[in-house]
file input-v9.txt (compact mmCIF, C-alpha atoms)
# COMPACT_ATOMS: atom_id res chain seq x y z
CA MET L 18 12.73 -0.20 -6.22
CA ASN L 19 9.69 -1.18 -8.20
CA THR L 20 7.90 -4.47 -7.89
CA GLY L 21 5.14 -5.80 -10.06
CA THR L 22 1.85 -7.47 -9.41
CA HIS L 23 -0.54 -9.32 -11.58
CA TYR L 24 -3.88 -9.48 -9.87
CA ALA L 25 -6.01 -12.35 -10.97
CA PRO L 26 -7.81 -13.70 -7.91
CA VAL L 27 -10.74 -15.99 -8.62
CA ARG L 28 -13.71 -16.69 -6.42
CA CYS L 29 -13.84 -19.68 -4.11
CA ARG L 30 -15.67 -22.51 -5.87
CA VAL L 31 -18.02 -23.02 -2.91
CA ALA L 32 -21.42 -21.62 -3.72
CA ASP L 33 -22.33 -18.40 -1.94
CA CYS L 34 -18.75 -17.88 -0.73
CA ASP L 35 -17.56 -14.37 -1.49
CA ALA L 36 -13.91 -15.02 -0.64
CA PHE L 37 -11.16 -15.51 -3.20
CA ALA L 38 -9.55 -18.88 -3.82
CA LEU L 39 -6.03 -19.38 -2.57
CA THR L 40 -3.17 -19.61 -5.01
CA GLY L 41 -2.71 -23.32 -5.69
CA ALA L 42 -6.27 -24.19 -4.65
CA ASP L 43 -9.80 -23.65 -5.86
CA THR L 44 -11.24 -22.60 -2.53
CA CYS L 45 -10.56 -20.05 0.15
CA TRP L 46 -8.83 -21.08 3.37
CA THR L 47 -12.13 -21.60 5.19
CA HIS L 48 -13.32 -24.15 2.64
CA LEU L 49 -9.97 -25.81 1.98
CA GLN L 50 -10.34 -29.52 2.72
CA ASP L 51 -6.78 -30.79 2.88
CA ARG L 52 -4.79 -27.97 4.37
CA ASP L 53 -1.69 -30.03 5.04
CA ALA L 54 -1.44 -31.10 1.40
CA TRP L 55 -1.81 -27.50 0.29
CA ARG L 56 0.91 -26.40 2.70
CA MET L 57 3.20 -29.14 1.43
CA LYS L 58 3.07 -27.94 -2.16
CA LEU L 59 3.38 -24.27 -1.24
CA ALA L 60 7.16 -24.26 -1.52
CA ASP L 61 6.91 -25.29 -5.18
CA LEU L 62 4.49 -22.52 -6.20
CA ASP L 63 5.28 -19.09 -7.58
CA LEU L 64 4.08 -16.98 -4.69
CA ASN L 65 4.84 -13.58 -6.19
CA ALA L 66 1.49 -11.76 -5.89
CA ALA L 67 -0.13 -14.93 -4.57
CA TRP L 68 -3.51 -14.84 -2.86
CA LEU L 69 -2.96 -16.24 0.64
CA ALA L 70 -5.50 -14.34 2.70
CA GLY L 71 -6.44 -15.93 5.99
CA VAL L 72 -4.10 -18.92 5.78
CA ASP L 73 -2.51 -20.53 8.82
CA LEU L 74 1.24 -20.82 8.40
CA SER L 75 2.05 -20.45 12.06
CA GLY L 76 5.43 -21.79 13.10
CA ARG L 77 6.46 -22.52 9.50
CA ASP L 78 9.91 -21.95 8.09
CA LEU L 79 9.43 -19.42 5.28
CA SER L 80 12.93 -18.01 5.51
CA GLY L 81 14.18 -16.58 2.23
CA TRP L 82 10.83 -17.04 0.47
CA ASP L 83 9.77 -14.72 -2.32
CA LEU L 84 6.39 -13.39 -1.23
CA ARG L 85 6.50 -10.06 -3.03
CA SER L 86 3.10 -8.45 -3.40
CA ALA L 87 1.41 -11.51 -1.91
CA ARG L 88 -1.88 -11.03 -0.14
CA LEU L 89 -1.49 -12.47 3.36
CA SER L 90 -4.20 -10.31 4.90
CA GLY L 91 -5.53 -11.84 8.11
CA ALA L 92 -3.11 -14.76 7.90
CA CYS L 93 -1.74 -16.49 10.96
CA LEU L 94 2.06 -16.40 10.88
CA ARG L 95 2.50 -16.62 14.62
CA GLY L 96 6.02 -17.80 15.39
CA ALA L 97 6.88 -18.27 11.71
CA ASN L 98 10.41 -17.79 10.44
CA LEU L 99 10.50 -15.20 7.67
CA ASN L 100 14.14 -14.26 8.05
CA GLY L 101 15.54 -12.95 4.79
CA ALA L 102 12.19 -13.23 3.03
CA ASP L 103 11.28 -10.87 0.22
CA LEU L 104 8.08 -9.19 1.40
CA ARG L 105 8.11 -6.04 -0.68
CA ASP L 106 4.60 -4.66 -1.22
CA THR L 107 3.19 -7.67 0.65
CA PHE L 108 -0.15 -7.30 2.39
CA LEU L 109 0.10 -8.50 5.98
CA ASP L 110 -2.73 -6.33 7.27
CA GLY L 111 -4.61 -7.76 10.19
CA ALA L 112 -2.25 -10.74 10.29
CA ASP L 113 -1.16 -12.52 13.44
CA LEU L 114 2.60 -12.04 13.40
CA ALA L 115 3.21 -12.48 17.11
CA GLY L 116 6.62 -13.94 17.80
CA ALA L 117 7.46 -14.25 14.10
CA THR L 118 10.97 -13.38 12.94
CA PHE L 119 11.67 -11.08 10.01
CA GLU L 120 15.39 -10.61 10.54
CA GLU L 121 17.11 -9.10 7.49
CA ALA L 122 13.83 -9.46 5.58
CA ASN L 123 12.87 -6.96 2.89
CA LEU L 124 9.58 -5.34 3.87
CA GLU L 125 9.79 -2.19 1.76
CA PHE L 126 6.26 -0.92 1.07
CA ALA L 127 4.83 -3.88 3.01
CA ILE L 128 1.45 -3.32 4.62
CA LEU L 129 1.33 -4.44 8.25
CA GLY L 130 -1.47 -2.11 9.33
CA GLY L 131 -3.68 -3.58 12.01
CA ALA L 132 -1.44 -6.63 12.37
CA ASP L 133 -0.35 -8.01 15.73
CA ALA L 134 3.44 -8.28 15.69
CA SER L 135 3.95 -8.43 19.44
CA GLY L 136 7.26 -9.99 20.32
CA ALA L 137 8.26 -10.24 16.68
CA SER L 138 11.82 -9.62 15.57
CA PHE L 139 12.55 -7.23 12.71
CA ARG L 140 16.27 -6.98 13.48
CA GLY L 141 18.11 -5.57 10.49
CA ALA L 142 14.99 -5.62 8.33
CA ASN L 143 14.29 -3.18 5.52
CA LEU L 144 11.03 -1.48 6.54
CA GLN L 145 11.44 1.57 4.33
CA ARG L 146 8.06 3.01 3.40
CA ALA L 147 6.28 0.23 5.28
CA ASN L 148 2.72 0.70 6.49
CA LEU L 149 2.56 0.08 10.24
CA VAL L 150 -0.62 2.08 10.83
CA GLY L 151 -2.39 0.69 13.87
CA THR L 152 0.07 -2.18 14.15
CA ARG L 153 0.35 -3.74 17.60
CA ALA L 154 3.96 -4.61 18.27
CA HIS L 155 4.47 -4.78 22.01
CA GLY L 156 8.08 -5.58 22.77
CA ALA L 157 8.94 -6.14 19.11
CA ASP L 158 12.59 -5.80 18.20
CA PHE L 159 13.42 -3.35 15.40
CA SER L 160 17.13 -3.12 16.26
CA GLY L 161 19.16 -2.01 13.27
CA ALA L 162 16.08 -1.91 11.03
CA ASN L 163 15.63 0.77 8.40
CA LEU L 164 12.28 2.53 8.89
CA TYR L 165 12.89 5.41 6.48
CA TYR L 166 9.53 7.04 5.60
CA ALA L 167 7.65 4.20 7.34
CA ARG L 168 4.21 4.96 8.73
CA PRO L 169 3.60 3.63 12.25
CA GLY L 170 0.79 6.11 12.95
CA ASN L 171 -1.49 5.03 15.79
CA ALA L 172 0.67 1.94 16.29
CA ASP L 173 0.96 0.37 19.70
CA LEU L 174 4.72 -0.01 20.13
CA GLU L 175 4.93 -0.25 23.90
CA GLY L 176 8.27 -1.63 24.97
CA ALA L 177 9.48 -2.01 21.39
CA ILE L 178 13.22 -1.87 20.75
CA PHE L 179 14.54 0.48 18.07
CA HIS L 180 18.19 0.35 19.09
CA ASN L 181 20.37 1.68 16.25
CA ALA L 182 17.40 1.76 13.87
CA THR L 183 17.05 4.37 11.12
CA ILE L 184 13.95 6.47 11.70
CA GLN L 185 14.52 9.27 9.18
CA ARG L 186 11.09 10.70 8.19
CA THR L 187 9.30 7.92 10.08
CA ILE L 188 5.85 9.10 11.10
CA PHE L 189 5.00 7.98 14.66
CA ARG L 190 1.93 10.22 14.83
CA HIS L 191 -0.33 9.16 17.75
CA ALA L 192 1.80 6.04 18.31
CA ASN L 193 2.22 4.55 21.76
CA LEU L 194 5.96 4.31 22.41
CA LYS L 195 5.71 3.87 26.17
CA ASP L 196 8.93 2.36 27.52
CA ALA L 197 10.30 1.90 24.00
CA ASP L 198 14.07 1.84 23.46
CA LEU L 199 15.12 4.51 20.97
CA SER L 200 18.79 4.45 21.88
CA GLY L 201 21.20 5.02 19.05
CA VAL L 202 18.51 5.74 16.46
CA GLU L 203 19.52 7.70 13.38
CA GLY L 204 17.43 10.36 11.68
CA SER L 205 14.63 12.75 12.49
CA ALA L 206 11.12 11.37 12.91
CA ASN L 207 7.65 12.81 13.43
CA PHE L 208 6.42 12.11 16.98
CA GLU L 209 3.30 14.31 16.84
CA ASN L 210 0.96 13.32 19.69
CA ALA L 211 2.94 10.14 20.35
CA ASN L 212 3.15 8.74 23.87
CA LEU L 213 6.84 8.97 24.76
CA GLU L 214 6.50 8.13 28.45
CA GLY L 215 9.50 6.19 29.69
CA VAL L 216 11.25 6.18 26.31
CA ALA L 217 14.97 5.46 26.49
CA ARG L 218 17.05 7.59 24.12
CA MET H 1 -5.43 -6.93 -14.19
CA ILE H 2 -1.80 -5.92 -14.36
CA PHE H 3 -0.70 -3.65 -11.56
CA ARG H 4 2.58 -1.94 -10.81
CA ARG H 5 3.91 0.82 -8.61
CA PHE H 6 6.71 3.14 -9.72
CA LEU H 7 8.51 5.04 -7.00
CA LEU H 8 9.66 8.29 -8.55
CA ASP H 9 12.71 10.33 -7.68
CA VAL H 10 10.58 13.43 -7.25
CA ASN H 11 9.33 14.00 -3.74
CA GLU H 12 8.78 10.28 -2.99
CA SER H 13 5.84 10.31 -5.42
CA ASN H 14 4.15 7.16 -6.62
CA THR H 15 2.91 6.48 -10.11
CA PHE H 16 0.65 3.47 -10.54
CA LEU H 17 0.08 1.47 -13.67
CA VAL H 18 -3.05 -0.60 -14.20
CA ALA H 19 -3.56 -2.51 -17.41
CA CYS H 20 -6.05 -4.85 -19.03
CA GLU H 21 -4.49 -8.26 -19.64
CA GLN H 22 -6.71 -8.90 -22.66
CA THR H 23 -6.39 -5.68 -24.67
CA ARG H 24 -2.98 -4.64 -23.26
CA GLU H 25 -4.29 -1.09 -22.74
CA ALA H 26 -2.68 0.68 -19.81
CA LEU H 27 -3.67 3.45 -17.43
CA LEU H 28 -1.25 5.52 -15.38
CA VAL H 29 -2.37 7.29 -12.23
CA ASP H 30 -0.33 10.46 -11.64
CA LEU H 31 2.92 11.11 -13.39
CA GLY H 32 5.44 13.17 -11.45
CA SER H 33 8.15 12.16 -13.87
CA TRP H 34 8.51 10.04 -16.98
CA THR H 35 11.13 7.84 -15.39
CA PRO H 36 12.68 5.36 -17.85
CA ASP H 37 11.23 2.49 -15.83
CA ILE H 38 7.75 3.34 -17.06
CA PRO H 39 8.21 3.15 -20.86
CA ALA H 40 10.50 0.17 -20.30
CA PHE H 41 7.77 -1.66 -18.41
CA LEU H 42 5.17 -0.74 -21.03
CA HIS H 43 7.40 -1.98 -23.81
CA GLY H 44 8.55 -5.06 -21.97
CA ASN H 45 5.01 -6.18 -21.31
CA ALA H 46 3.58 -5.21 -24.70
CA LEU H 47 1.32 -2.62 -23.13
CA ARG H 48 -0.08 0.47 -24.82
CA LEU H 49 -0.54 3.60 -22.73
CA THR H 50 -3.99 4.91 -23.57
CA THR H 51 -5.01 6.81 -20.45
CA VAL H 52 -3.49 9.01 -17.77
CA PHE H 53 -5.51 9.96 -14.70
CA ILE H 54 -4.23 12.90 -12.68
CA THR H 55 -5.56 13.13 -9.12
CA HIS H 56 -4.56 16.77 -8.72
CA ASP H 57 -2.55 19.45 -10.49
CA HIS H 58 0.72 19.53 -8.54
CA TYR H 59 4.12 19.26 -10.19
CA ASP H 60 5.08 16.07 -8.39
CA HIS H 61 2.05 14.41 -9.98
CA THR H 62 2.18 16.00 -13.44
CA ASP H 63 5.75 16.80 -14.50
CA GLY H 64 6.07 13.59 -16.52
CA LEU H 65 2.90 14.25 -18.46
CA ARG H 66 4.36 16.12 -21.42
CA ALA H 67 6.95 13.44 -22.19
CA ALA H 68 4.38 10.68 -21.78
CA ILE H 69 1.99 12.31 -24.23
CA GLU H 70 4.77 12.95 -26.73
CA ASP H 71 5.64 9.26 -26.68
CA ASN H 72 2.09 7.89 -26.57
CA ASP H 73 -1.35 8.67 -27.91
CA ALA H 74 -2.87 8.86 -24.44
CA ARG H 75 -5.93 10.66 -23.15
CA VAL H 76 -5.51 12.71 -20.00
CA TYR H 77 -8.25 12.97 -17.38
CA SER H 78 -8.30 15.12 -14.27
CA GLY H 79 -10.57 17.24 -12.12
CA LYS H 80 -9.44 20.23 -14.19
CA GLY H 81 -9.66 20.57 -17.96
CA CYS H 82 -6.07 21.74 -18.25
CA VAL H 83 -3.54 19.97 -16.07
CA GLY H 84 0.21 20.40 -15.83
CA GLY H 85 -0.15 23.12 -18.46
CA LEU H 86 -1.52 20.62 -20.96
CA PRO H 87 -5.01 20.09 -22.33
CA GLY H 88 -7.06 17.26 -20.92
CA THR H 89 -10.56 16.05 -20.24
CA ARG H 90 -12.28 17.26 -17.11
CA VAL H 91 -13.96 14.56 -15.07
CA GLY H 92 -16.02 14.80 -11.92
CA HIS H 93 -17.70 12.68 -9.31
CA GLY H 94 -19.61 9.80 -10.87
CA ASP H 95 -17.82 9.83 -14.21
CA THR H 96 -16.31 6.60 -15.45
CA ILE H 97 -13.07 5.84 -17.26
CA THR H 98 -12.62 2.69 -19.32
CA VAL H 99 -9.33 0.98 -20.07
CA GLY H 100 -9.85 -2.24 -21.97
CA SER H 101 -12.13 -4.41 -19.85
CA LEU H 102 -11.53 -2.30 -16.76
CA THR H 103 -13.85 0.47 -15.67
CA GLY H 104 -12.96 3.02 -13.03
CA SER H 105 -15.23 5.45 -11.23
CA VAL H 106 -14.20 8.96 -10.37
CA VAL H 107 -14.98 10.16 -6.85
CA ALA H 108 -14.58 13.67 -5.54
CA THR H 109 -11.98 14.12 -2.80
CA PRO H 110 -11.29 17.87 -2.77
CA GLY H 111 -9.42 19.65 0.00
CA HIS H 112 -5.73 19.27 -0.76
CA THR H 113 -6.72 20.98 -4.01
CA PRO H 114 -10.20 22.19 -5.01
CA GLU H 115 -10.42 19.80 -7.97
CA GLY H 116 -8.91 16.76 -6.27
CA VAL H 117 -10.33 13.47 -7.49
CA SER H 118 -9.72 9.82 -6.71
CA LEU H 119 -10.24 6.82 -8.95
CA VAL H 120 -11.95 3.61 -7.86
CA LEU H 121 -11.16 0.41 -9.76
CA PRO H 122 -12.17 -3.14 -8.82
CA GLY H 123 -10.48 -3.87 -5.48
CA MET H 124 -8.58 -0.61 -5.19
CA VAL H 125 -8.75 3.15 -4.98
CA PHE H 126 -6.13 5.71 -5.99
CA THR H 127 -6.33 8.66 -3.63
CA GLY H 128 -3.53 10.98 -4.71
CA ASP H 129 -2.71 13.36 -1.87
CA ALA H 130 -6.15 13.24 -0.27
CA LEU H 131 -5.52 10.13 1.82
CA PHE H 132 -2.22 8.54 2.82
CA ALA H 133 -1.43 5.57 5.02
CA GLY H 134 -2.10 7.05 8.46
CA SER H 135 -2.45 10.61 7.24
CA VAL H 136 -4.23 13.02 4.92
CA GLY H 137 -3.05 15.70 2.55
CA GLY H 138 -2.21 19.21 3.67
CA THR H 139 -4.86 21.86 3.14
CA SER H 140 -4.84 25.63 3.00
CA SER H 141 -7.75 26.25 5.36
CA GLY H 142 -9.89 24.66 8.02
CA GLY H 143 -12.79 24.52 5.60
CA ASN H 144 -10.75 22.62 3.05
CA ALA H 145 -9.56 20.24 5.75
CA ILE H 146 -13.14 19.47 6.74
CA ARG H 147 -14.15 19.09 3.08
CA GLN H 148 -11.31 16.62 2.56
CA LEU H 149 -12.26 14.48 5.54
CA GLU H 150 -15.89 14.47 4.43
CA GLY H 151 -14.99 13.45 0.89
CA ILE H 152 -12.87 10.56 2.15
CA ARG H 153 -15.53 9.40 4.60
CA GLU H 154 -18.26 9.51 1.97
CA HIS H 155 -16.44 8.24 -1.10
CA VAL H 156 -13.51 6.13 0.10
CA PHE H 157 -14.52 4.75 3.49
CA ASN H 158 -17.76 3.50 1.97
CA LEU H 159 -15.78 0.97 -0.07
CA PRO H 160 -15.35 -2.64 1.13
CA ASP H 161 -12.77 -3.28 3.87
CA HIS H 162 -10.37 -5.18 1.64
CA TYR H 163 -10.08 -2.48 -1.01
CA GLU H 164 -6.47 -1.37 -1.42
CA VAL H 165 -5.71 2.32 -0.96
CA HIS H 166 -2.91 3.56 -3.21
CA PRO H 167 -1.82 7.10 -2.33
CA GLY H 168 0.38 9.59 -4.12
CA HIS H 169 3.20 9.21 -1.61
CA GLY H 170 4.28 6.49 0.78
CA PRO H 171 2.99 2.99 1.31
CA SER H 172 -0.34 1.61 0.22
CA SER H 173 -3.02 0.63 2.69
CA THR H 174 -6.52 -0.75 2.87
CA VAL H 175 -9.87 0.87 3.50
CA ALA H 176 -10.19 -1.12 6.73
CA ILE H 177 -6.84 0.07 8.09
CA GLU H 178 -7.53 3.72 7.34
CA ARG H 179 -11.11 3.69 8.55
CA ARG H 180 -10.09 2.13 11.85
CA PHE H 181 -6.63 3.53 12.58
CA ASN H 182 -5.93 6.72 10.61
CA PRO H 183 -5.37 9.35 13.37
CA PHE H 184 -7.23 12.00 11.39
CA PHE H 185 -10.43 10.00 11.60
CA ASN H 186 -10.12 8.56 15.10
call {"tool": "encode", "arguments": {"input": "input-v9.txt", "output": "structure tokens"}}
result
Amino acid sequence: MNTGTHYAPVRCRVADCDAFALTGADTCWTHLQDRDAWRMKLADLDLNAAWLAGVDLSGRDLSGWDLRSARLSGACLRGANLNGADLRDTFLDGADLAGATFEEANLEFAILGGADASGASFRGANLQRANLVGTRAHGADFSGANLYYARPGNADLEGAIFHNATIQRTIFRHANLKDADLSGVEGSANFENANLEGVAR
Amino acid sequence: MIFRRFLLDVNESNTFLVACEQTREALLVDLGSWTPDIPAFLHGNALRLTTVFITHDHYDHTDGLRAAIEDNDARVYSGKGCVGGLPGTRVGHGDTITVGSLTGSVVATPGHTPEGVSLVLPGMVFTGDALFAGSVGGTSSGGNAIRQLEGIREHVFNLPDHYEVHPGHGPSSTVAIERRFNPFFN
């Protein structure tokens, strides 16, 4: 799998603002005047490698969207529906993903480091080679997901469900897996210095 | 800037392509194999490979070099003069590499290998096997391990939070994620 990115972010037009303008706008999220209008036209834009840092798309239906290589750093996607979305190489670092659903989504090489995905559902998702470093995902559901070579180092995965997930070469170094459900997992993972208290296997 | 990752079939290695949209000149960072995807992408996007930057002299980062040079008139830069058994230009900390309108800065990140170098471009840094998402490269001694951590702290973690970190294996990251959560630094 190889995805492409064309990086061409431009600065927000507001003087003295260091942030980049959103795709489909000439300002950053902070300075965007009509956010509803921008959200309305989003579905018609080419969002492959789009700049969407800091946006609020909480509760939105983004199922099946092509967001490959998009920059959603710090975005609020709380409760959003991203089932079946193409999120390969997408930056979701520091994003609020609490309660969002990513069922059957493609998150290969996605960057979720430092995001809060508590209560999110990744059932059946492709998380191969995903960056989950420092991700907080209390009670998140990874049932049937493929986490081959994923990197959840230092992640807080307390109570997360990995039932029947593939964890071959997954690196859980220093992760908190307290009370996590690892029943039926396939593959051999690295649990160096991980907290495995109360883990169900 | 044109950017693309190639996942190679050798040891889960990454090769990255960065190109100038104006001049169509392209740079490759590490080249563990000359997988057909790479020349196909160059050709398909009317890009000309002018530069190869090798972060360190290990086979899974250099084995595609010979074929790439045979097919293209590209300059090779690394922390060693000779890399992958082929001649190249030695670069060190503070040197710059230009590809079209893009200028990269070389920073020293030794430890995994003595001559390990990383390349900083606008908004991103290519770290080879010095820094991975949530990990660092293996070293042969405690002294090299300390040297590697110091090099990363001084020359990578000093970059802005949003800078992307593109390692030689595994997923990409950001400076903010690694500075805050990488277990080897916390």
call {"tool": "residues_near_point", "arguments": {"input": "input-v9.txt", "point": "(3.7, -15.7, 11.3)", "cutoff": "10 Å", "atoms": "only C-alpha atoms", "output": "ChimeraX atom specification"}}
result
/L:73-79,92-99,109,112-119,133-134,137
call {"tool": "residues_around", "arguments": {"input": "input-v9.txt", "residues": "Thr40 (chain L)", "least_positions_apart": "5", "cutoff": "9 Å", "atoms": "only C-alpha atoms", "output": "ChimeraX atom specification"}}
result
/L:26,59,62-64,67-69
call {"tool": "atom_distance", "arguments": {"input": "input-v9.txt", "atom1": "CA of Ile188 (chain L)", "atom2": "CA of Phe6 (chain H)"}}
result
21.7 Å
call {"tool": "interface_residues", "arguments": {"input": "input-v9.txt", "of": "chain H", "to": "chain L", "cutoff": "9 Å", "atoms": "only C-alpha atoms", "output": "list in words"}}
result
Met1, Ile2, Phe3, Arg4, Arg5, Phe6, Leu7, Asp37, Ala133, Gly134, Ser135, His162, Gly170, Pro171, Ser172, Ser173, Thr174, Ala176, Ile177, Glu178, Arg180, Phe181, Asn182 and Pro183 of chain H
call {"tool": "closest_residue", "arguments": {"input": "input-v9.txt", "among": "L:Ala182, L:Ala162, L:Asp103, L:Ala157", "to": "Leu194 (chain L)", "atoms": "only C-alpha atoms"}}
result
L:Ala157
call {"tool": "closest_residue", "arguments": {"input": "input-v9.txt", "among": "H:Phe157, H:Trp34, H:Phe16, H:Phe185", "to": "Arg66 (chain H)", "atoms": "all atoms listed in the file"}}
result
H:Trp34
call {"tool": "atom_distance", "arguments": {"input": "input-v9.txt", "atom1": "CA of Ala60 (chain L)", "atom2": "CA of Asn163 (chain L)"}}
result
28.2 Å
call {"tool": "residues_around", "arguments": {"input": "input-v9.txt", "residues": "Gly81 (chain H)", "least_positions_apart": "2", "cutoff": "6 Å", "atoms": "only C-alpha atoms", "output": "list in words"}}
result
Gly88, Thr89 and Arg90 of chain H
call {"tool": "residues_around", "arguments": {"input": "input-v9.txt", "residues": "Asp158 (chain L)", "least_positions_apart": "6", "cutoff": "10 Å", "atoms": "only C-alpha atoms", "output": "ChimeraX atom specification"}}
result
/L:118-120,134-141,174,176-180,182,197-198
call {"tool": "atom_distance", "arguments": {"input": "input-v9.txt", "atom1": "CA of Arg153 (chain L)", "atom2": "CA of Asn186 (chain H)"}}
result
16.3 Å
call {"tool": "residues_around", "arguments": {"input": "input-v9.txt", "residues": "Val99 (chain H)", "least_positions_apart": "5", "cutoff": "9 Å", "atoms": "only C-alpha atoms", "output": "list in words"}}
result
Val18, Ala19, Cys20, Thr23, Glu25, Ala26, Leu27, Thr50, Thr51 and Gly104 of chain H
call {"tool": "closest_residue", "arguments": {"input": "input-v9.txt", "among": "H:Gly128, H:Gly151, H:Pro122, H:Pro110", "to": "Thr55 (chain H)", "atoms": "all atoms listed in the file"}}
result
H:Gly128
call {"tool": "residues_around", "arguments": {"input": "input-v9.txt", "residues": "region 28-31 of chain L", "least_positions_apart": "2", "cutoff": "10 Å", "atoms": "only C-alpha atoms", "output": "number ranges by chain"}}
result
L: 25-26, 33-39, 42-49
